[in-house]
2 protein chains.
Amino acid sequence: MSKKLDIQRLSLNQITTENWSLQEAIQGCTDHQIPVISVWRHKIAEVGLLEAKKLIAASGLEVSSVCRGGMFPALTASERKERIDDNKYAIEEAAELGADVLVLVCGPSPHKDLAESRKWVQQGIEEIIPFAEQHGVKLGIEPLHPMFAADRSVITTLGEANALQQSLGSSQVGVIIDAFHVWWDPDLYSEIEKAAGKILGYHVSDWKVPLPDIFKGRSMMGDGVIDLPRIRRAVEANGYHGPIEVEIINQAIWDMPGKESLELIKQRFLSCV
Amino acid sequence: MSKKLDIQRLSLNQITTENWSLQEAIQGCTDHQIPVISVWRHKIAEVGLLEAKKLIAASGLEVSSVCRGGMFPALTASERKERIDDNKYAIEEAAELGADVLVLVCGPSPHKDLAESRKWVQQGIEEIIPFAEQHGVKLGIEPLHPMFAADRSVITTLGEANALQQSLGSSQVGVIIDAFHVWWDPDLYSEIEKAAGKILGYHVSDWKVPLPDIFKGRSMMGDGVIDLPRIRRAVEANGYHGPIEVEIINQAIWDMPGKESLELIKQRFLSCV
């Protein structure tokens, strides 16, 4: 049997309460004794970075990550340079909010040559490593489910993320494991072992059949087919004991009253993760 | 530049004209000089195997494959036995229709232990190999896109299909490569090389953004992001020069007048595959 999960490891990934502002999400966490939050940049933008920083500081919440940097591939050098600049700004935001990690969603390919786009991803991360180091922010490469290869990320498996991490050869870079993206992979457990010591985050939701949507396709933990406790134990056995982000992109959950969804998340976190 | 594709390699996978009966699909192929067809079992069932055989024989069409066997994993031994029996019947159908290959969609897992289901897949194929051999029908393991892992196939990558083929160690078994299912894979081209000499079929469609649906998510060749000519050249370089099936599961294409869709398929086959 798995060790009982400590509620102190629960982090609300803010996209799970997409209808809430940053202030409302922070209030929700403090009201429901959720100790950690993952902040999205479009929510920071709504209030401004300084105000976001004040709100977080006043709440006492820990920030597990900022979502998201990445999106490196682009056809022209000047566009790729813009993406780099945007990533540097995201690193500053993460540093200001006291987040350890900037999550990298690496980006889709602007053309049919995926191999070239994967090189641009590597070059893009290489370019921001020194800046991330100066700001004390780790960079977490998050492989996305292959169904997002065309529009969100050419990095599609944990194997690919591990190879990229290794090739970059920097302790500033690690990987993020999101159960929804990787559960299907026959190499999942061997790749979690390869990621030992480099895991910067673990995200949970569930894969329900039929999938309610493609982008908004994630379900509440316990409502789907993913063996979440087994994946968590593997992640822990390979050195990650930090916050576990609940990241659910799902219209029906967005439309629930926030208080109900937070209570359900806490309950399922303890019983299904 | 790629060699011009010969229209004689075009096979209509019958699911592309799902609104048509077998008779209508055969008529469509002969009217439009499409020399090969891939037949689905639910369409055989509508007319009966003997009638299907007569219709195919009278048309002079070649049959590239029968779709589909597989679906091996099940919770009980008796259910798994039923699946084996059904696969044997599918092999008989393929043999009667003169198809070289039975396509195997290996099946989803009935529980959260994907590794066990993958073993059931291997055991299932092992059990039907002698029967397939007696009937002169090859078994084509088709890896499906990971987004179908929960409801259609635990075999999700060409790497996995190759490893399974190798582990089975029988020349009766090979792999089917469907561009829609595998295009995103960073290991695609190295795995096509590993599949050399064991490729039993190549299927085409396209991945359009946004995906119109999950199950009915495939688009006409040329309308999406897949580098079809590059994949075809790799498949050819590794020994496959047989029929190329156009397999498009898409409501809008199903709803087109069949004649229009066949003309469009021919045009795109020559210009985009």
# chains A, B, ... in the order shown; residues from 1 in each chain; ligands from 1
$ interface_residues --of "chain B" --to "chain A" --cutoff "10 Å" --atoms "only C-alpha atoms" --output "PDB file with N, CA, C and O atoms, in the first residue's frame"
ATOM      1  N   SER B 109      -6.991  -1.486 -22.293  1.00  0.00           N
ATOM      2  CA  SER B 109      -6.856  -2.267 -21.061  1.00  0.00           C
ATOM      3  C   SER B 109      -8.171  -2.230 -20.288  1.00  0.00           C
ATOM      4  O   SER B 109      -8.792  -1.181 -20.165  1.00  0.00           O
ATOM      5  N   PRO B 110      -8.591  -3.379 -19.739  1.00  0.00           N
ATOM      6  CA  PRO B 110      -9.814  -3.368 -18.932  1.00  0.00           C
ATOM      7  C   PRO B 110      -9.575  -2.863 -17.514  1.00  0.00           C
ATOM      8  O   PRO B 110     -10.519  -2.759 -16.732  1.00  0.00           O
ATOM      9  N   HIS B 111      -8.342  -2.586 -17.152  1.00  0.00           N
ATOM     10  CA  HIS B 111      -8.032  -2.061 -15.819  1.00  0.00           C
ATOM     11  C   HIS B 111      -6.825  -1.146 -15.949  1.00  0.00           C
ATOM     12  O   HIS B 111      -6.379  -0.849 -17.060  1.00  0.00           O
ATOM     13  N   LYS B 112      -6.290  -0.726 -14.791  1.00  0.00           N
ATOM     14  CA  LYS B 112      -5.233   0.290 -14.856  1.00  0.00           C
ATOM     15  C   LYS B 112      -3.834  -0.273 -15.079  1.00  0.00           C
ATOM     16  O   LYS B 112      -2.871   0.479 -15.161  1.00  0.00           O
ATOM     17  N   ASP B 113      -3.723  -1.577 -15.179  1.00  0.00           N
ATOM     18  CA  ASP B 113      -2.405  -2.187 -15.334  1.00  0.00           C
ATOM     19  C   ASP B 113      -2.101  -2.411 -16.817  1.00  0.00           C
ATOM     20  O   ASP B 113      -2.360  -3.469 -17.383  1.00  0.00           O
ATOM     21  N   LEU B 114      -1.543  -1.382 -17.418  1.00  0.00           N
ATOM     22  CA  LEU B 114      -1.276  -1.446 -18.862  1.00  0.00           C
ATOM     23  C   LEU B 114      -0.280  -2.549 -19.204  1.00  0.00           C
ATOM     24  O   LEU B 114      -0.382  -3.182 -20.259  1.00  0.00           O
ATOM     25  N   ALA B 115       0.665  -2.779 -18.310  1.00  0.00           N
ATOM     26  CA  ALA B 115       1.693  -3.798 -18.592  1.00  0.00           C
ATOM     27  C   ALA B 115       1.044  -5.177 -18.715  1.00  0.00           C
ATOM     28  O   ALA B 115       1.410  -5.974 -19.592  1.00  0.00           O
ATOM     29  N   ARG B 118      -0.685  -5.407 -21.994  1.00  0.00           N
ATOM     30  CA  ARG B 118       0.276  -5.600 -23.092  1.00  0.00           C
ATOM     31  C   ARG B 118       0.716  -7.072 -23.172  1.00  0.00           C
ATOM     32  O   ARG B 118       0.947  -7.594 -24.253  1.00  0.00           O
ATOM     33  N   HIS B 145      -2.396   5.981 -32.159  1.00  0.00           N
ATOM     34  CA  HIS B 145      -1.996   7.204 -31.461  1.00  0.00           C
ATOM     35  C   HIS B 145      -2.269   7.063 -29.960  1.00  0.00           C
ATOM     36  O   HIS B 145      -3.309   6.529 -29.571  1.00  0.00           O
ATOM     37  N   PRO B 146      -1.348   7.575 -29.125  1.00  0.00           N
ATOM     38  CA  PRO B 146      -1.536   7.471 -27.672  1.00  0.00           C
ATOM     39  C   PRO B 146      -2.866   8.045 -27.172  1.00  0.00           C
ATOM     40  O   PRO B 146      -3.308   7.688 -26.089  1.00  0.00           O
ATOM     41  N   MET B 147      -3.509   8.893 -27.933  1.00  0.00           N
ATOM     42  CA  MET B 147      -4.806   9.408 -27.453  1.00  0.00           C
ATOM     43  C   MET B 147      -5.881   8.317 -27.494  1.00  0.00           C
ATOM     44  O   MET B 147      -6.973   8.511 -26.955  1.00  0.00           O
ATOM     45  N   PHE B 148      -5.566   7.170 -28.109  1.00  0.00           N
ATOM     46  CA  PHE B 148      -6.501   6.044 -28.118  1.00  0.00           C
ATOM     47  C   PHE B 148      -6.090   4.946 -27.126  1.00  0.00           C
ATOM     48  O   PHE B 148      -6.657   3.856 -27.134  1.00  0.00           O
ATOM     49  N   ALA B 149      -5.111   5.244 -26.271  1.00  0.00           N
ATOM     50  CA  ALA B 149      -4.609   4.218 -25.354  1.00  0.00           C
ATOM     51  C   ALA B 149      -5.698   3.715 -24.405  1.00  0.00           C
ATOM     52  O   ALA B 149      -5.698   2.551 -24.018  1.00  0.00           O
ATOM     53  N   ALA B 150      -6.612   4.577 -24.030  1.00  0.00           N
ATOM     54  CA  ALA B 150      -7.610   4.184 -23.024  1.00  0.00           C
ATOM     55  C   ALA B 150      -8.787   3.425 -23.618  1.00  0.00           C
ATOM     56  O   ALA B 150      -9.470   2.692 -22.906  1.00  0.00           O
ATOM     57  N   ASP B 151      -9.033   3.604 -24.911  1.00  0.00           N
ATOM     58  CA  ASP B 151     -10.251   2.981 -25.445  1.00  0.00           C
ATOM     59  C   ASP B 151     -10.052   2.137 -26.699  1.00  0.00           C
ATOM     60  O   ASP B 151     -11.007   1.491 -27.156  1.00  0.00           O
ATOM     61  N   SER B 153      -6.290   0.947 -28.023  1.00  0.00           N
ATOM     62  CA  SER B 153      -5.069   0.134 -28.144  1.00  0.00           C
ATOM     63  C   SER B 153      -4.020   0.522 -27.121  1.00  0.00           C
ATOM     64  O   SER B 153      -3.615   1.687 -27.055  1.00  0.00           O
ATOM     65  N   VAL B 154      -3.550  -0.469 -26.391  1.00  0.00           N
ATOM     66  CA  VAL B 154      -2.415  -0.220 -25.486  1.00  0.00           C
ATOM     67  C   VAL B 154      -1.090  -0.216 -26.244  1.00  0.00           C
ATOM     68  O   VAL B 154      -0.059   0.118 -25.663  1.00  0.00           O
ATOM     69  N   ILE B 155      -1.135  -0.578 -27.511  1.00  0.00           N
ATOM     70  CA  ILE B 155       0.087  -0.508 -28.334  1.00  0.00           C
ATOM     71  C   ILE B 155       0.074   0.854 -29.021  1.00  0.00           C
ATOM     72  O   ILE B 155      -0.732   1.097 -29.930  1.00  0.00           O
ATOM     73  N   THR B 156       0.973   1.740 -28.572  1.00  0.00           N
ATOM     74  CA  THR B 156       0.829   3.158 -28.891  1.00  0.00           C
ATOM     75  C   THR B 156       1.953   3.749 -29.738  1.00  0.00           C
ATOM     76  O   THR B 156       1.828   4.883 -30.182  1.00  0.00           O
ATOM     77  N   THR B 157       3.028   3.007 -29.902  1.00  0.00           N
ATOM     78  CA  THR B 157       4.126   3.547 -30.706  1.00  0.00           C
ATOM     79  C   THR B 157       4.661   2.457 -31.640  1.00  0.00           C
ATOM     80  O   THR B 157       4.524   1.257 -31.373  1.00  0.00           O
ATOM     81  N   GLY B 159       7.705   1.826 -31.964  1.00  0.00           N
ATOM     82  CA  GLY B 159       8.727   1.145 -31.180  1.00  0.00           C
ATOM     83  C   GLY B 159       8.146  -0.042 -30.423  1.00  0.00           C
ATOM     84  O   GLY B 159       8.739  -1.128 -30.376  1.00  0.00           O
ATOM     85  N   GLU B 160       6.969   0.191 -29.848  1.00  0.00           N
ATOM     86  CA  GLU B 160       6.307  -0.879 -29.100  1.00  0.00           C
ATOM     87  C   GLU B 160       5.871  -2.000 -30.044  1.00  0.00           C
ATOM     88  O   GLU B 160       6.012  -3.187 -29.724  1.00  0.00           O
ATOM     89  N   HIS B 181      -1.214   8.072 -36.787  1.00  0.00           N
ATOM     90  CA  HIS B 181      -0.931   7.564 -35.443  1.00  0.00           C
ATOM     91  C   HIS B 181       0.507   7.819 -34.987  1.00  0.00           C
ATOM     92  O   HIS B 181       0.773   7.896 -33.796  1.00  0.00           O
ATOM     93  N   VAL B 182       1.428   7.918 -35.922  1.00  0.00           N
ATOM     94  CA  VAL B 182       2.853   7.901 -35.547  1.00  0.00           C
ATOM     95  C   VAL B 182       3.645   9.167 -35.891  1.00  0.00           C
ATOM     96  O   VAL B 182       4.812   9.283 -35.502  1.00  0.00           O
ATOM     97  N   TRP B 183       3.053  10.103 -36.609  1.00  0.00           N
ATOM     98  CA  TRP B 183       3.810  11.222 -37.170  1.00  0.00           C
ATOM     99  C   TRP B 183       4.585  12.036 -36.130  1.00  0.00           C
ATOM    100  O   TRP B 183       5.637  12.600 -36.426  1.00  0.00           O
ATOM    101  N   TRP B 184       4.073  12.122 -34.912  1.00  0.00           N
ATOM    102  CA  TRP B 184       4.615  12.990 -33.865  1.00  0.00           C
ATOM    103  C   TRP B 184       5.854  12.400 -33.205  1.00  0.00           C
ATOM    104  O   TRP B 184       6.561  13.102 -32.469  1.00  0.00           O
ATOM    105  N   ASP B 185       6.136  11.140 -33.439  1.00  0.00           N
ATOM    106  CA  ASP B 185       7.090  10.371 -32.624  1.00  0.00           C
ATOM    107  C   ASP B 185       8.536  10.761 -32.938  1.00  0.00           C
ATOM    108  O   ASP B 185       8.972  10.645 -34.086  1.00  0.00           O
ATOM    109  N   PRO B 186       9.304  11.205 -31.933  1.00  0.00           N
ATOM    110  CA  PRO B 186      10.707  11.569 -32.197  1.00  0.00           C
ATOM    111  C   PRO B 186      11.532  10.382 -32.693  1.00  0.00           C
ATOM    112  O   PRO B 186      12.570  10.577 -33.321  1.00  0.00           O
ATOM    113  N   ASP B 187      11.068   9.168 -32.394  1.00  0.00           N
ATOM    114  CA  ASP B 187      11.793   7.970 -32.841  1.00  0.00           C
ATOM    115  C   ASP B 187      11.213   7.382 -34.123  1.00  0.00           C
ATOM    116  O   ASP B 187      11.583   6.265 -34.509  1.00  0.00           O
ATOM    117  N   TRP B 207      -3.286  15.286 -40.117  1.00  0.00           N
ATOM    118  CA  TRP B 207      -3.604  15.832 -38.789  1.00  0.00           C
ATOM    119  C   TRP B 207      -3.782  17.341 -38.946  1.00  0.00           C
ATOM    120  O   TRP B 207      -2.812  18.077 -39.136  1.00  0.00           O
ATOM    121  N   LYS B 208      -5.039  17.756 -38.885  1.00  0.00           N
ATOM    122  CA  LYS B 208      -5.354  19.170 -39.070  1.00  0.00           C
ATOM    123  C   LYS B 208      -5.526  19.827 -37.703  1.00  0.00           C
ATOM    124  O   LYS B 208      -6.041  19.196 -36.784  1.00  0.00           O
ATOM    125  N   VAL B 209      -5.141  21.086 -37.607  1.00  0.00           N
ATOM    126  CA  VAL B 209      -5.292  21.830 -36.353  1.00  0.00           C
ATOM    127  C   VAL B 209      -6.367  22.885 -36.538  1.00  0.00           C
ATOM    128  O   VAL B 209      -6.293  23.653 -37.489  1.00  0.00           O
ATOM    129  N   PRO B 210      -7.385  23.015 -35.675  1.00  0.00           N
ATOM    130  CA  PRO B 210      -7.644  22.080 -34.575  1.00  0.00           C
ATOM    131  C   PRO B 210      -8.200  20.754 -35.089  1.00  0.00           C
ATOM    132  O   PRO B 210      -8.852  20.722 -36.136  1.00  0.00           O
ATOM    133  N   LEU B 211      -7.941  19.714 -34.348  1.00  0.00           N
ATOM    134  CA  LEU B 211      -8.457  18.396 -34.693  1.00  0.00           C
ATOM    135  C   LEU B 211      -9.997  18.460 -34.663  1.00  0.00           C
ATOM    136  O   LEU B 211     -10.572  18.934 -33.690  1.00  0.00           O
ATOM    137  N   PRO B 212     -10.669  17.996 -35.728  1.00  0.00           N
ATOM    138  CA  PRO B 212     -12.130  18.129 -35.745  1.00  0.00           C
ATOM    139  C   PRO B 212     -12.831  17.272 -34.691  1.00  0.00           C
ATOM    140  O   PRO B 212     -13.966  17.567 -34.315  1.00  0.00           O
ATOM    141  N   ASP B 213     -12.176  16.222 -34.230  1.00  0.00           N
ATOM    142  CA  ASP B 213     -12.799  15.306 -33.285  1.00  0.00           C
ATOM    143  C   ASP B 213     -11.693  14.372 -32.802  1.00  0.00           C
ATOM    144  O   ASP B 213     -10.574  14.423 -33.322  1.00  0.00           O
ATOM    145  N   ILE B 214     -11.993  13.523 -31.825  1.00  0.00           N
ATOM    146  CA  ILE B 214     -10.961  12.569 -31.412  1.00  0.00           C
ATOM    147  C   ILE B 214     -11.059  11.315 -32.282  1.00  0.00           C
ATOM    148  O   ILE B 214     -10.163  11.038 -33.062  1.00  0.00           O
ATOM    149  N   PHE B 215     -12.172  10.596 -32.213  1.00  0.00           N
ATOM    150  CA  PHE B 215     -12.293   9.399 -33.055  1.00  0.00           C
ATOM    151  C   PHE B 215     -12.372   9.769 -34.538  1.00  0.00           C
ATOM    152  O   PHE B 215     -11.660   9.204 -35.367  1.00  0.00           O
ATOM    153  N   GLY B 224      -3.263  18.961 -43.452  1.00  0.00           N
ATOM    154  CA  GLY B 224      -2.726  18.998 -42.092  1.00  0.00           C
ATOM    155  C   GLY B 224      -1.228  19.188 -42.046  1.00  0.00           C
ATOM    156  O   GLY B 224      -0.614  19.674 -43.005  1.00  0.00           O
ATOM    157  N   VAL B 225      -0.651  18.775 -40.931  1.00  0.00           N
ATOM    158  CA  VAL B 225       0.751  19.086 -40.625  1.00  0.00           C
ATOM    159  C   VAL B 225       1.717  17.929 -40.883  1.00  0.00           C
ATOM    160  O   VAL B 225       2.927  18.082 -40.704  1.00  0.00           O
ATOM    161  N   ILE B 226       1.195  16.772 -41.302  1.00  0.00           N
ATOM    162  CA  ILE B 226       2.076  15.605 -41.409  1.00  0.00           C
ATOM    163  C   ILE B 226       2.927  15.656 -42.677  1.00  0.00           C
ATOM    164  O   ILE B 226       2.413  15.933 -43.762  1.00  0.00           O
ATOM    165  N   ASP B 227       4.215  15.354 -42.522  1.00  0.00           N
ATOM    166  CA  ASP B 227       5.123  15.303 -43.670  1.00  0.00           C
ATOM    167  C   ASP B 227       4.964  13.929 -44.343  1.00  0.00           C
ATOM    168  O   ASP B 227       5.815  13.043 -44.201  1.00  0.00           O
ATOM    169  N   LEU B 228       3.863  13.779 -45.074  1.00  0.00           N
ATOM    170  CA  LEU B 228       3.533  12.476 -45.662  1.00  0.00           C
ATOM    171  C   LEU B 228       4.585  11.972 -46.654  1.00  0.00           C
ATOM    172  O   LEU B 228       4.950  10.790 -46.609  1.00  0.00           O
ATOM    173  N   ARG B 230       7.746  12.400 -46.739  1.00  0.00           N
ATOM    174  CA  ARG B 230       8.954  11.934 -46.037  1.00  0.00           C
ATOM    175  C   ARG B 230       8.692  10.575 -45.375  1.00  0.00           C
ATOM    176  O   ARG B 230       9.553   9.687 -45.432  1.00  0.00           O
TER     177      ARG B 230
END
$ select_by_dssp --residues "segment 10-99 of chain B" --states "helix (DSSP H, G or I)" --output "number ranges by chain"
B: 14-17, 22-31, 41-47, 49-59, 77-96
$ residues_around --residues "segment 255-264 of chain A" --least-positions-apart "6" --cutoff "10 Å" --atoms "only C-alpha atoms" --output "PyMOL selection string"
chain A and resi 12+16-20+24-25+28-29+31-34+220-221
$ residues_around --residues "Leu55 of chain A" --least-positions-apart "3" --cutoff "9 Å" --atoms "only C-alpha atoms" --output "PyMOL selection string"
chain A and resi 22-23+26+50-52+58-60
$ select_by_dssp --residues "segment 6-240 of chain A" --states "strand (DSSP E or B)" --output "compact mmCIF listing (two decimals) with N, CA and C atoms, in the first residue's frame"
# COMPACT_ATOMS: atom_id res chain seq x y z
N LEU A 10 -0.26 19.37 -1.47
CA LEU A 10 -1.24 19.78 -2.50
C LEU A 10 -0.97 21.20 -2.98
N SER A 11 -0.83 21.32 -4.30
CA SER A 11 -0.73 22.64 -4.92
C SER A 11 -1.87 22.82 -5.90
N LEU A 12 -2.56 23.94 -5.80
CA LEU A 12 -3.61 24.24 -6.78
C LEU A 12 -2.97 24.88 -8.00
N ASN A 13 -2.95 24.15 -9.10
CA ASN A 13 -2.55 24.80 -10.35
C ASN A 13 -3.72 25.67 -10.78
N VAL A 36 -0.22 25.51 -1.22
CA VAL A 36 0.67 25.84 -2.35
C VAL A 36 -0.18 26.19 -3.57
N ILE A 37 0.35 27.06 -4.40
CA ILE A 37 -0.35 27.43 -5.64
C ILE A 37 0.64 27.47 -6.79
N SER A 38 0.14 27.15 -7.98
CA SER A 38 0.93 27.35 -9.20
C SER A 38 0.23 28.45 -9.98
N VAL A 39 0.98 29.47 -10.34
CA VAL A 39 0.40 30.69 -10.90
C VAL A 39 0.59 30.74 -12.41
N TRP A 40 -0.48 31.12 -13.12
CA TRP A 40 -0.40 31.28 -14.58
C TRP A 40 -0.13 32.73 -14.95
N GLU A 62 2.94 29.11 -0.64
CA GLU A 62 4.13 28.75 -1.40
C GLU A 62 3.76 28.72 -2.88
N VAL A 63 4.68 29.06 -3.76
CA VAL A 63 4.41 29.00 -5.20
C VAL A 63 5.23 27.86 -5.80
N SER A 64 4.53 26.81 -6.26
CA SER A 64 5.27 25.65 -6.77
C SER A 64 5.86 25.89 -8.15
N SER A 65 5.17 26.69 -8.95
CA SER A 65 5.69 26.98 -10.29
C SER A 65 4.96 28.16 -10.90
N VAL A 66 5.56 28.69 -11.94
CA VAL A 66 4.86 29.64 -12.81
C VAL A 66 4.67 28.95 -14.16
N CYS A 67 3.44 29.03 -14.67
CA CYS A 67 3.08 28.46 -15.98
C CYS A 67 2.81 29.58 -16.95
N ARG A 68 3.42 29.67 -18.02
CA ARG A 68 4.42 28.81 -18.55
C ARG A 68 5.33 29.57 -19.47
N GLY A 69 6.59 29.13 -19.56
CA GLY A 69 7.51 29.59 -20.58
C GLY A 69 7.51 28.60 -21.72
N GLY A 70 8.50 28.73 -22.59
CA GLY A 70 8.61 27.77 -23.70
C GLY A 70 8.27 28.40 -25.02
N VAL A 101 10.30 27.08 -9.92
CA VAL A 101 10.33 26.48 -11.25
C VAL A 101 9.49 27.27 -12.25
N LEU A 102 10.04 27.45 -13.42
CA LEU A 102 9.24 27.90 -14.56
C LEU A 102 8.95 26.68 -15.43
N VAL A 103 7.67 26.40 -15.65
CA VAL A 103 7.28 25.27 -16.49
C VAL A 103 7.45 25.65 -17.96
N LEU A 104 8.14 24.78 -18.70
CA LEU A 104 8.33 25.03 -20.14
C LEU A 104 7.42 24.13 -20.98
N VAL A 105 6.47 24.75 -21.65
CA VAL A 105 5.71 24.05 -22.69
C VAL A 105 6.40 24.45 -23.99
N GLY A 107 6.49 24.22 -27.21
CA GLY A 107 5.98 24.85 -28.42
C GLY A 107 5.82 23.89 -29.58
N LYS A 138 14.54 27.38 -11.60
CA LYS A 138 14.79 26.17 -12.38
C LYS A 138 13.85 26.14 -13.59
N LEU A 139 14.29 25.46 -14.64
CA LEU A 139 13.49 25.34 -15.86
C LEU A 139 13.00 23.90 -15.98
N GLY A 140 11.69 23.72 -16.00
CA GLY A 140 11.12 22.37 -16.04
C GLY A 140 10.56 22.05 -17.42
N ILE A 141 11.21 21.13 -18.11
CA ILE A 141 10.72 20.71 -19.44
C ILE A 141 9.54 19.77 -19.22
N SER A 153 3.32 21.38 -28.29
CA SER A 153 4.69 20.98 -27.92
C SER A 153 5.21 19.85 -28.78
N VAL A 173 18.20 22.81 -15.28
CA VAL A 173 17.09 22.27 -16.09
C VAL A 173 16.69 20.89 -15.57
N GLY A 174 15.39 20.68 -15.47
CA GLY A 174 14.88 19.36 -15.10
C GLY A 174 13.63 19.06 -15.89
N VAL A 175 12.87 18.09 -15.42
CA VAL A 175 11.64 17.73 -16.14
C VAL A 175 10.44 17.84 -15.20
N ILE A 176 9.30 18.07 -15.82
CA ILE A 176 8.02 18.08 -15.11
C ILE A 176 7.25 16.87 -15.61
N ILE A 177 6.70 16.10 -14.70
CA ILE A 177 5.92 14.93 -15.09
C ILE A 177 4.45 15.20 -14.79
N ASP A 178 3.64 15.20 -15.85
CA ASP A 178 2.20 15.37 -15.70
C ASP A 178 1.55 14.05 -16.10
N ILE A 199 13.62 15.60 -11.36
CA ILE A 199 12.18 15.85 -11.44
C ILE A 199 11.86 17.13 -10.67
N LEU A 200 11.30 18.10 -11.37
CA LEU A 200 11.04 19.40 -10.75
C LEU A 200 9.56 19.61 -10.43
N GLY A 201 8.73 18.67 -10.80
CA GLY A 201 7.31 18.83 -10.48
C GLY A 201 6.53 17.62 -10.93
N TYR A 202 5.41 17.40 -10.24
CA TYR A 202 4.51 16.31 -10.60
C TYR A 202 3.09 16.86 -10.61
N HIS A 203 2.39 16.67 -11.73
CA HIS A 203 1.04 17.21 -11.92
C HIS A 203 0.05 16.06 -12.06
N VAL A 204 -1.13 16.25 -11.51
CA VAL A 204 -2.15 15.20 -11.61
C VAL A 204 -3.49 15.73 -12.12
N ASP A 206 -6.91 13.36 -14.50
CA ASP A 206 -7.20 11.99 -14.90
C ASP A 206 -7.68 11.96 -16.35
N SER A 219 -9.78 15.26 -16.48
CA SER A 219 -10.83 15.02 -15.50
C SER A 219 -10.27 14.98 -14.08
$ residues_around --residues "Gly169 of chain B" --least-positions-apart "3" --cutoff "12 Å" --atoms "only C-alpha atoms" --output "ChimeraX atom specification"
/B:122,125-126,129,162-166,172-174,198
$ residues_around --residues "Ile7 of chain A" --least-positions-apart "5" --cutoff "8 Å" --atoms "only C-alpha atoms" --output "PDB file with C-alpha atoms, in the first residue's frame"
ATOM      1  CA  ILE A  34      -4.401  24.487   0.423  1.00  0.00           C
ATOM      2  CA  LYS A 266      -8.777  17.884  -1.495  1.00  0.00           C
ATOM      3  CA  PHE A 269      -6.087  14.216  -3.615  1.00  0.00           C
ATOM      4  CA  LEU A 270      -6.125  12.153  -0.444  1.00  0.00           C
TER       5      LEU A 270
END
$ atom_distance --atom1 "atom CA of Val121 of chain B" --atom2 "atom CA of Pro73 of chain B"
6.1 Å
$ residues_around --residues "Gly239 of chain A" --least-positions-apart "2" --cutoff "9 Å" --atoms "only C-alpha atoms" --output "list of chain:residue names"
A:Ala196, A:Gly197, A:Lys198, A:Ile199, A:Ala234, A:Val235, A:Glu236, A:Ala237, A:His241
$ write_last_selection --atoms "C-alpha atoms" --output "PDB file, in the first residue's frame"
ATOM      1  CA  ALA A 196      15.863  10.531 -10.941  1.00  0.00           C
ATOM      2  CA  GLY A 197      17.065  13.663  -9.198  1.00  0.00           C
ATOM      3  CA  LYS A 198      15.915  15.881 -12.061  1.00  0.00           C
ATOM      4  CA  ILE A 199      12.179  15.851 -11.441  1.00  0.00           C
ATOM      5  CA  ALA A 234       7.621   6.013  -8.939  1.00  0.00           C
ATOM      6  CA  VAL A 235       8.166   9.766  -8.907  1.00  0.00           C
ATOM      7  CA  GLU A 236       8.827   9.682  -5.156  1.00  0.00           C
ATOM      8  CA  ALA A 237      11.115   6.681  -5.419  1.00  0.00           C
ATOM      9  CA  HIS A 241       8.908  14.842  -2.719  1.00  0.00           C
TER      10      HIS A 241
END
